[in-house]
$ cat run38.txt   # compact mmCIF, C-alpha atoms
# COMPACT_ATOMS: atom_id res chain seq x y z
CA THR A 249 29.10 46.67 20.12
CA THR A 250 25.47 47.58 19.61
CA GLN A 251 26.11 48.00 15.89
CA THR A 252 27.86 44.59 15.76
CA MET A 253 24.92 42.90 17.49
CA ALA A 254 22.49 44.54 15.08
CA THR A 255 24.60 43.38 12.11
CA ASN A 256 24.73 39.80 13.43
CA LYS A 257 20.97 39.82 14.00
CA SER A 258 20.47 41.05 10.44
CA PHE A 259 22.65 38.25 9.07
CA ARG A 260 20.74 35.66 11.12
CA GLY A 261 17.46 37.04 9.87
CA ARG A 262 18.56 36.85 6.26
CA GLY A 263 19.89 33.34 6.83
CA MET A 264 16.60 32.16 8.29
CA LYS A 265 14.66 33.69 5.40
CA SER A 266 16.99 32.05 2.90
CA GLU A 267 16.63 28.66 4.60
CA LYS A 268 12.85 29.01 4.69
CA LYS A 269 12.82 29.91 0.99
CA ARG A 270 14.94 26.85 0.13
CA GLY A 271 12.55 24.68 2.12
CA GLN A 272 9.57 26.10 0.26
CA THR A 273 11.31 25.57 -3.08
CA LYS A 274 12.12 21.93 -2.23
CA HIS A 275 8.52 21.34 -1.15
CA GLN A 276 7.24 22.75 -4.44
CA GLU A 277 9.70 20.61 -6.40
CA LYS A 278 8.35 17.53 -4.61
CA LEU A 279 4.79 18.51 -5.47
CA ASP A 280 5.76 19.11 -9.11
CA LEU A 281 7.43 15.69 -9.33
CA SER A 282 4.35 14.04 -7.83
CA GLU A 283 2.11 15.70 -10.39
CA LYS A 284 4.34 14.68 -13.32
CA LEU A 285 4.50 11.08 -12.09
CA ARG A 286 0.72 10.95 -11.63
CA GLN A 287 0.15 12.20 -15.17
CA LEU A 288 2.50 9.57 -16.61
CA SER A 289 0.87 6.87 -14.47
CA SER A 290 -2.65 7.85 -15.55
CA GLN A 291 -1.51 7.54 -19.17
CA LYS A 292 0.24 4.21 -18.43
CA ARG A 293 3.55 5.58 -19.70
CA ARG A 294 5.49 3.18 -17.54
CA LYS A 295 9.00 3.62 -18.95
CA GLU A 296 8.84 7.42 -18.81
CA CYS A 297 7.48 7.24 -15.29
CA LEU A 298 10.32 4.95 -14.18
CA ASP A 299 12.95 7.09 -15.91
CA LEU A 300 11.69 10.31 -14.32
CA TYR A 301 11.55 8.72 -10.88
CA ALA A 302 15.10 7.32 -11.15
CA SER A 303 16.63 10.47 -12.68
CA PRO A 304 19.61 11.79 -10.64
CA ILE A 305 18.12 15.29 -10.76
CA ASN A 306 15.45 14.04 -8.34
CA ASP A 307 17.82 12.41 -5.85
CA ALA A 308 17.40 15.25 -3.34
CA ILE A 309 13.59 15.28 -3.41
CA ARG A 310 12.54 11.69 -4.15
CA ASP A 311 10.47 10.17 -1.34
CA GLY A 312 8.21 7.24 -0.54
CA PHE A 313 5.09 8.85 -1.94
CA HIS A 314 6.79 9.34 -5.32
CA GLY A 315 7.77 5.68 -5.19
CA SER A 316 4.18 4.72 -4.41
CA ILE A 317 2.99 6.41 -7.60
CA VAL A 318 5.59 4.50 -9.61
CA VAL A 319 4.68 1.16 -8.03
CA ASP A 320 1.03 1.84 -8.81
CA CYS A 321 1.92 2.70 -12.42
CA CYS A 322 3.87 -0.55 -12.83
CA ALA A 323 1.03 -2.53 -11.24
CA ARG A 324 -1.53 -0.96 -13.57
CA CYS A 325 0.68 -1.79 -16.54
CA GLY A 326 1.15 -5.39 -15.41
CA ASP A 327 4.90 -5.04 -14.80
CA ILE A 328 5.24 -6.82 -11.46
CA ILE A 329 9.02 -7.14 -11.69
CA GLU A 330 9.56 -3.37 -11.90
CA ALA A 331 6.95 -2.82 -9.19
CA GLU A 332 8.87 -5.19 -6.90
CA ASN A 333 12.21 -3.63 -7.84
CA THR A 334 10.88 -0.16 -7.00
CA VAL A 335 9.74 -1.34 -3.57
CA ILE A 336 13.10 -3.04 -3.01
CA ASP A 337 14.88 0.22 -3.87
CA MET A 338 12.64 2.04 -1.40
CA MET A 339 13.51 -0.51 1.29
CA HIS A 340 17.17 0.26 0.63
CA ALA A 341 16.55 4.04 0.69
CA ASN A 342 16.70 4.32 -3.12
CA LYS A 343 20.30 3.13 -3.31
CA HIS A 344 19.33 0.80 -6.16
CA ASN A 345 20.58 -2.21 -4.22
CA LYS A 346 19.40 -5.22 -6.19
CA GLN A 347 21.03 -7.75 -3.85
CA THR A 348 17.59 -8.52 -2.44
CA GLN A 349 16.19 -11.29 -4.60
CA GLN A 350 13.17 -13.59 -4.63
CA ARG A 351 14.48 -16.97 -3.44
CA ASP A 352 12.72 -20.33 -3.42
CA GLY A 353 10.61 -20.63 -0.30
CA HIS A 354 10.83 -16.91 0.50
CA PHE A 355 9.43 -13.53 -0.47
CA PHE A 356 11.66 -10.47 -0.45
CA TRP A 357 9.71 -8.69 2.29
CA THR A 358 10.32 -11.52 4.76
CA ASP A 359 14.09 -11.58 4.14
CA GLU A 360 14.77 -7.99 5.21
CA PRO A 361 15.04 -6.33 8.65
CA LEU A 362 11.89 -4.64 9.93
CA SER A 363 13.64 -1.27 9.68
CA TYR A 364 13.79 -1.72 5.89
CA TYR A 365 10.08 -2.49 5.71
CA LYS A 366 9.26 0.72 7.60
CA LYS A 367 10.87 2.82 4.86
CA VAL A 368 8.05 1.90 2.48
CA PRO A 369 4.66 3.64 2.99
CA ILE A 370 1.49 1.57 2.98
CA GLN A 371 0.44 3.20 -0.31
CA ALA A 372 3.33 1.44 -2.07
CA TRP A 373 2.62 -1.92 -0.44
CA THR A 374 -1.06 -1.59 -1.39
CA ALA A 375 -0.12 -0.76 -4.98
CA LEU A 376 2.10 -3.85 -5.09
CA LEU A 377 -0.80 -5.92 -3.77
CA LYS A 378 -2.95 -4.53 -6.58
CA GLY A 379 -0.36 -5.70 -9.10
CA TYR A 380 -0.38 -9.20 -7.63
CA ALA A 381 -4.19 -9.28 -7.62
CA HIS A 382 -4.41 -8.16 -11.25
CA LYS A 383 -1.88 -10.82 -12.30
CA GLY A 384 -3.59 -13.55 -10.26
CA GLU A 385 -0.49 -14.06 -8.10
CA MET A 386 -2.52 -14.69 -4.95
CA GLY A 387 0.25 -16.63 -3.23
CA LYS A 388 2.27 -13.43 -3.07
CA ALA A 389 -0.79 -11.33 -2.21
CA ASP A 390 -1.75 -13.71 0.62
CA SER A 391 1.76 -13.70 2.07
CA LEU A 392 2.25 -9.94 1.76
CA PHE A 393 -1.05 -9.01 3.41
CA GLY A 394 -0.28 -11.38 6.28
CA TYR A 395 3.16 -9.81 6.64
CA LEU A 396 1.74 -6.28 6.66
CA CYS A 397 -0.72 -7.24 9.40
CA SER A 398 1.96 -8.93 11.52
CA THR A 399 4.67 -6.26 11.43
CA THR A 400 2.80 -3.47 13.23
CA PRO A 401 0.75 -3.65 16.44
CA ALA A 402 -3.03 -3.59 16.33
CA LYS A 403 -4.77 -0.27 16.98
CA SER A 404 -5.72 -1.19 20.54
CA SER A 405 -2.05 -1.13 21.54
CA LEU A 406 -0.97 1.90 19.53
CA GLY A 407 0.31 4.98 21.29
CA LYS A 408 -1.51 8.17 20.36
CA LYS A 409 1.59 9.72 18.86
CA ARG A 410 2.78 6.66 16.91
CA LYS A 411 2.99 7.26 13.18
CA GLN A 412 0.81 4.84 11.21
CA ASN A 413 2.47 5.32 7.82
CA ASN A 414 2.99 1.57 7.37
CA ASP A 415 -0.25 0.23 8.84
CA PRO A 416 -2.57 -1.71 6.49
CA ASN A 417 -5.90 0.07 6.04
CA VAL A 418 -9.27 -0.56 4.39
CA ARG A 419 -7.83 0.09 0.91
CA THR A 420 -5.17 -2.57 1.56
CA LEU A 421 -7.84 -5.05 2.62
CA ASN A 422 -10.16 -4.23 -0.28
CA THR A 423 -7.32 -4.71 -2.76
CA VAL A 424 -6.82 -8.26 -1.50
CA LEU A 425 -10.57 -8.98 -1.51
CA ARG A 426 -10.89 -7.82 -5.12
CA GLY A 427 -8.12 -10.21 -6.09
CA CYS A 428 -9.99 -13.01 -4.29
CA MET A 429 -13.13 -12.21 -6.30
CA TRP A 430 -11.21 -12.74 -9.53
CA THR A 431 -9.42 -15.97 -8.60
CA ALA A 432 -10.60 -19.41 -7.57
CA THR A 433 -9.04 -21.17 -4.61
CA SER A 434 -5.94 -23.11 -5.59
CA ARG A 435 -2.90 -24.75 -4.04
CA ASP A 436 0.05 -22.50 -3.36
CA ASP A 437 3.33 -23.56 -4.92
CA GLY A 438 4.93 -23.84 -1.50
CA ARG A 439 6.95 -20.62 -1.71
CA SER A 440 5.39 -19.18 1.44
CA ASN A 441 7.94 -20.39 4.00
CA GLY A 442 8.03 -23.70 2.16
CA VAL A 443 4.50 -24.57 3.31
CA THR A 444 1.84 -25.57 0.80
CA LYS A 445 -1.57 -24.03 1.53
CA LEU A 446 -4.79 -23.08 -0.21
CA ILE A 447 -4.76 -19.50 -1.51
CA GLY A 448 -7.05 -17.18 -3.45
CA GLY A 449 -10.84 -17.14 -3.42
CA ILE A 450 -12.54 -17.76 -0.10
CA MET A 451 -9.37 -19.06 1.61
CA THR A 452 -7.30 -15.88 1.30
CA ALA A 453 -10.41 -13.70 1.72
CA SER A 454 -11.42 -15.32 5.02
CA ARG A 455 -7.87 -15.06 6.39
CA ALA A 456 -7.66 -11.41 5.35
CA TRP A 457 -11.07 -10.66 6.87
CA GLU A 458 -10.07 -12.25 10.17
CA MET A 459 -6.76 -10.36 10.28
CA ALA A 460 -8.53 -7.09 9.51
CA ALA A 461 -10.93 -7.71 12.39
CA LYS A 462 -8.08 -8.41 14.80
CA ARG A 463 -6.34 -5.20 13.72
CA LYS A 464 -9.62 -3.27 14.02
CA ILE A 465 -9.35 -1.95 10.46
CA ALA A 466 -12.36 0.30 9.81
CA LEU A 467 -14.35 -1.38 7.03
CA ASP A 468 -16.40 0.38 4.36
CA THR A 469 -19.40 -0.81 2.35
CA SER A 470 -17.11 -1.98 -0.46
CA SER A 471 -15.38 -4.35 1.97
CA TYR A 472 -18.72 -6.02 2.67
CA GLU A 473 -19.70 -6.07 -1.01
CA TYR A 474 -16.50 -7.89 -1.95
CA TYR A 475 -16.60 -10.34 0.96
CA VAL A 476 -20.30 -11.18 0.56
CA THR A 477 -19.72 -11.78 -3.17
CA ILE A 478 -16.82 -14.15 -2.39
CA LEU A 479 -18.91 -15.98 0.21
CA ALA A 480 -21.74 -16.35 -2.30
CA GLN A 481 -19.34 -17.66 -4.93
CA SER A 482 -18.26 -20.27 -2.40
CA LEU A 483 -21.91 -21.14 -1.58
CA ARG A 484 -21.52 -19.95 2.00
CA ILE A 485 -24.93 -18.31 1.93
CA GLU A 486 -25.65 -18.30 5.66
CA THR A 487 -22.37 -16.51 6.39
CA ALA A 488 -23.06 -14.06 3.57
CA GLU A 489 -26.49 -13.25 5.00
CA ARG A 490 -24.93 -12.76 8.42
CA MET A 491 -22.45 -10.30 6.92
CA ILE A 492 -25.34 -8.37 5.36
CA GLY A 493 -26.99 -8.16 8.78
CA GLN A 494 -23.75 -6.89 10.29
CA MET A 495 -23.44 -4.31 7.53
CA LYS A 496 -26.93 -3.00 8.30
CA ILE A 497 -25.85 -2.42 11.89
CA GLU A 498 -22.60 -0.63 11.03
CA PHE A 499 -23.83 1.78 8.34
CA GLU A 500 -26.61 4.30 7.99
CA PRO A 501 -29.50 3.36 5.64
CA ASN A 502 -28.78 6.28 3.31
CA VAL A 503 -25.38 4.82 2.36
CA LEU A 504 -26.49 1.20 2.20
CA SER A 505 -29.04 0.93 -0.60
CA GLU A 506 -26.66 0.38 -3.51
CA SER A 507 -24.35 -1.92 -1.52
CA LEU A 508 -27.26 -4.03 -0.31
CA THR A 509 -28.43 -4.46 -3.88
CA VAL A 510 -24.97 -5.69 -4.91
CA CYS A 511 -24.91 -8.12 -1.99
CA TRP A 512 -28.39 -9.57 -2.60
CA VAL A 513 -27.68 -9.95 -6.32
CA ALA A 514 -24.52 -11.90 -5.45
CA ILE A 515 -26.50 -14.25 -3.23
CA ALA A 516 -29.44 -14.70 -5.61
$ encode --input "run38.txt" --output "structure tokens"
Amino acid sequence: TTQTMATNKSFRGRGMKSEKKRGQTKHQEKLDLSEKLRQLSSQKRRKECLDLYASPINDAIRDGFHGSIVVDCCARCGDIIEAENTVIDMMHANKHNKQTQQRDGHFFWTDEPLSYYKKVPIQAWTALLKGYAHKGEMGKADSLFGYLCSTTPAKSSLGKKRKQNNDPNVRTLNTVLRGCMWTATSRDDGRSNGVTKLIGGIMTASRAWEMAAKRKIALDTSSYEYYVTILAQSLRIETAERMIGQMKIEFEPNVLSESLTVCWVAIA
């Protein structure tokens, strides 16, 4: 009996070691895939990046962070359709379900259950926002940022242990603000819930800034640089100067000099 127990313990030990080794191998395979995708993205080799990501050999290791790299690659290459399709696949757990479509008066993220949205990390949503900003599609950017801010509770009501994988952050905000710097205010085409509104420029920027404040998103100096520049472009000088004063309160002098120069040049 003692010998049998020792044999069983030995088998369990070997089994645990084997399982641990498989886990380590899978982790390394994920890291290797991430590195390959990043290299292809940095070289703007969009098709190869998409093909590698979708390859069946990666079905067991593909995750949301791999998808985020692909969305960013598509955004950098100006391929919004593939960027959206990649996010849609991620929402459907990479089952390549293309039933989700952009319909008149709607955006795909508003037509899906919240549980689908939660499958996509904020890095992918931010990358998609970057694609919209680069293409000047501020109607989509405006709607998406508002959706991201409305689907998760603000920090004041978060439990300490709640994962914040989907919460918009300062990079998400800054991506929208950069898009607002590059686009003038214009009329939306009415796709956002069928309601026509002013988007881009100061209109989207001010809404995004207000939502970020309500969510208590920690701003950086770039956030202020972008927003002050947009305010100056819109001739809202008093508000821009007030933002500069607020920035001086929030940040140490040693990190402010360059940002202050950018802000004052924008106002001049």
$ residues_near_point --input "run38.txt" --point "(-11.1, -5.0, 1.9)" --cutoff "8 Å" --atoms "all atoms listed in the file" --output "NGL selection string"
:A and (418-426 or 457 or 467-468 or 470-472 or 474-475)
$ closest_residue --input "run38.txt" --among "A:Arg286, A:Arg324, A:Arg294, A:Lys496" --to "Ala381 of chain A" --atoms "only C-alpha atoms"
A:Arg324
$ residues_around --input "run38.txt" --residues "Lys383 of chain A" --least-positions-apart "6" --cutoff "12 Å" --atoms "only C-alpha atoms" --output "tab-separated table (two decimals) with C-alpha atoms, in the frame of the given file"
chain	number	residue	atom	x	y	z
A	322	CYS	CA	3.87	-0.55	-12.83
A	323	ALA	CA	1.03	-2.53	-11.24
A	324	ARG	CA	-1.53	-0.96	-13.57
A	325	CYS	CA	0.68	-1.79	-16.54
A	326	GLY	CA	1.15	-5.39	-15.41
A	327	ASP	CA	4.90	-5.04	-14.80
A	328	ILE	CA	5.24	-6.82	-11.46
A	329	ILE	CA	9.02	-7.14	-11.69
A	376	LEU	CA	2.10	-3.85	-5.09
A	377	LEU	CA	-0.80	-5.92	-3.77
A	389	ALA	CA	-0.79	-11.33	-2.21
A	426	ARG	CA	-10.89	-7.82	-5.12
A	427	GLY	CA	-8.12	-10.21	-6.09
A	428	CYS	CA	-9.99	-13.01	-4.29
A	430	TRP	CA	-11.21	-12.74	-9.53
A	431	THR	CA	-9.42	-15.97	-8.60
$ closest_residue --input "run38.txt" --among "A:Cys511, A:Leu396, A:Gly312, A:Asn306" --to "Asp415 of chain A" --atoms "all atoms listed in the file"
A:Leu396
$ closest_residue --input "run38.txt" --among "A:Val318, A:Val510, A:Leu392, A:Met459" --to "Val335 of chain A" --atoms "only C-alpha atoms"
A:Val318
$ residues_around --input "run38.txt" --residues "Ile317 of chain A" --least-positions-apart "3" --cutoff "7 Å" --atoms "all atoms listed in the file" --output "mmCIF file with C-alpha atoms, in the frame of the given file"
data_model
loop_
_atom_site.group_PDB
_atom_site.id
_atom_site.type_symbol
_atom_site.label_atom_id
_atom_site.label_comp_id
_atom_site.auth_asym_id
_atom_site.auth_seq_id
_atom_site.Cartn_x
_atom_site.Cartn_y
_atom_site.Cartn_z
ATOM 1 C CA LEU A 285 4.500 11.080 -12.090
ATOM 2 C CA ARG A 286 0.720 10.950 -11.630
ATOM 3 C CA PHE A 313 5.090 8.850 -1.940
ATOM 4 C CA HIS A 314 6.790 9.340 -5.320
ATOM 5 C CA ASP A 320 1.030 1.840 -8.810
ATOM 6 C CA CYS A 321 1.920 2.700 -12.420
#
$ atom_distance --input "run38.txt" --atom1 "atom CA of Ala331 of chain A" --atom2 "atom CA of Thr374 of chain A"
11.2 Å
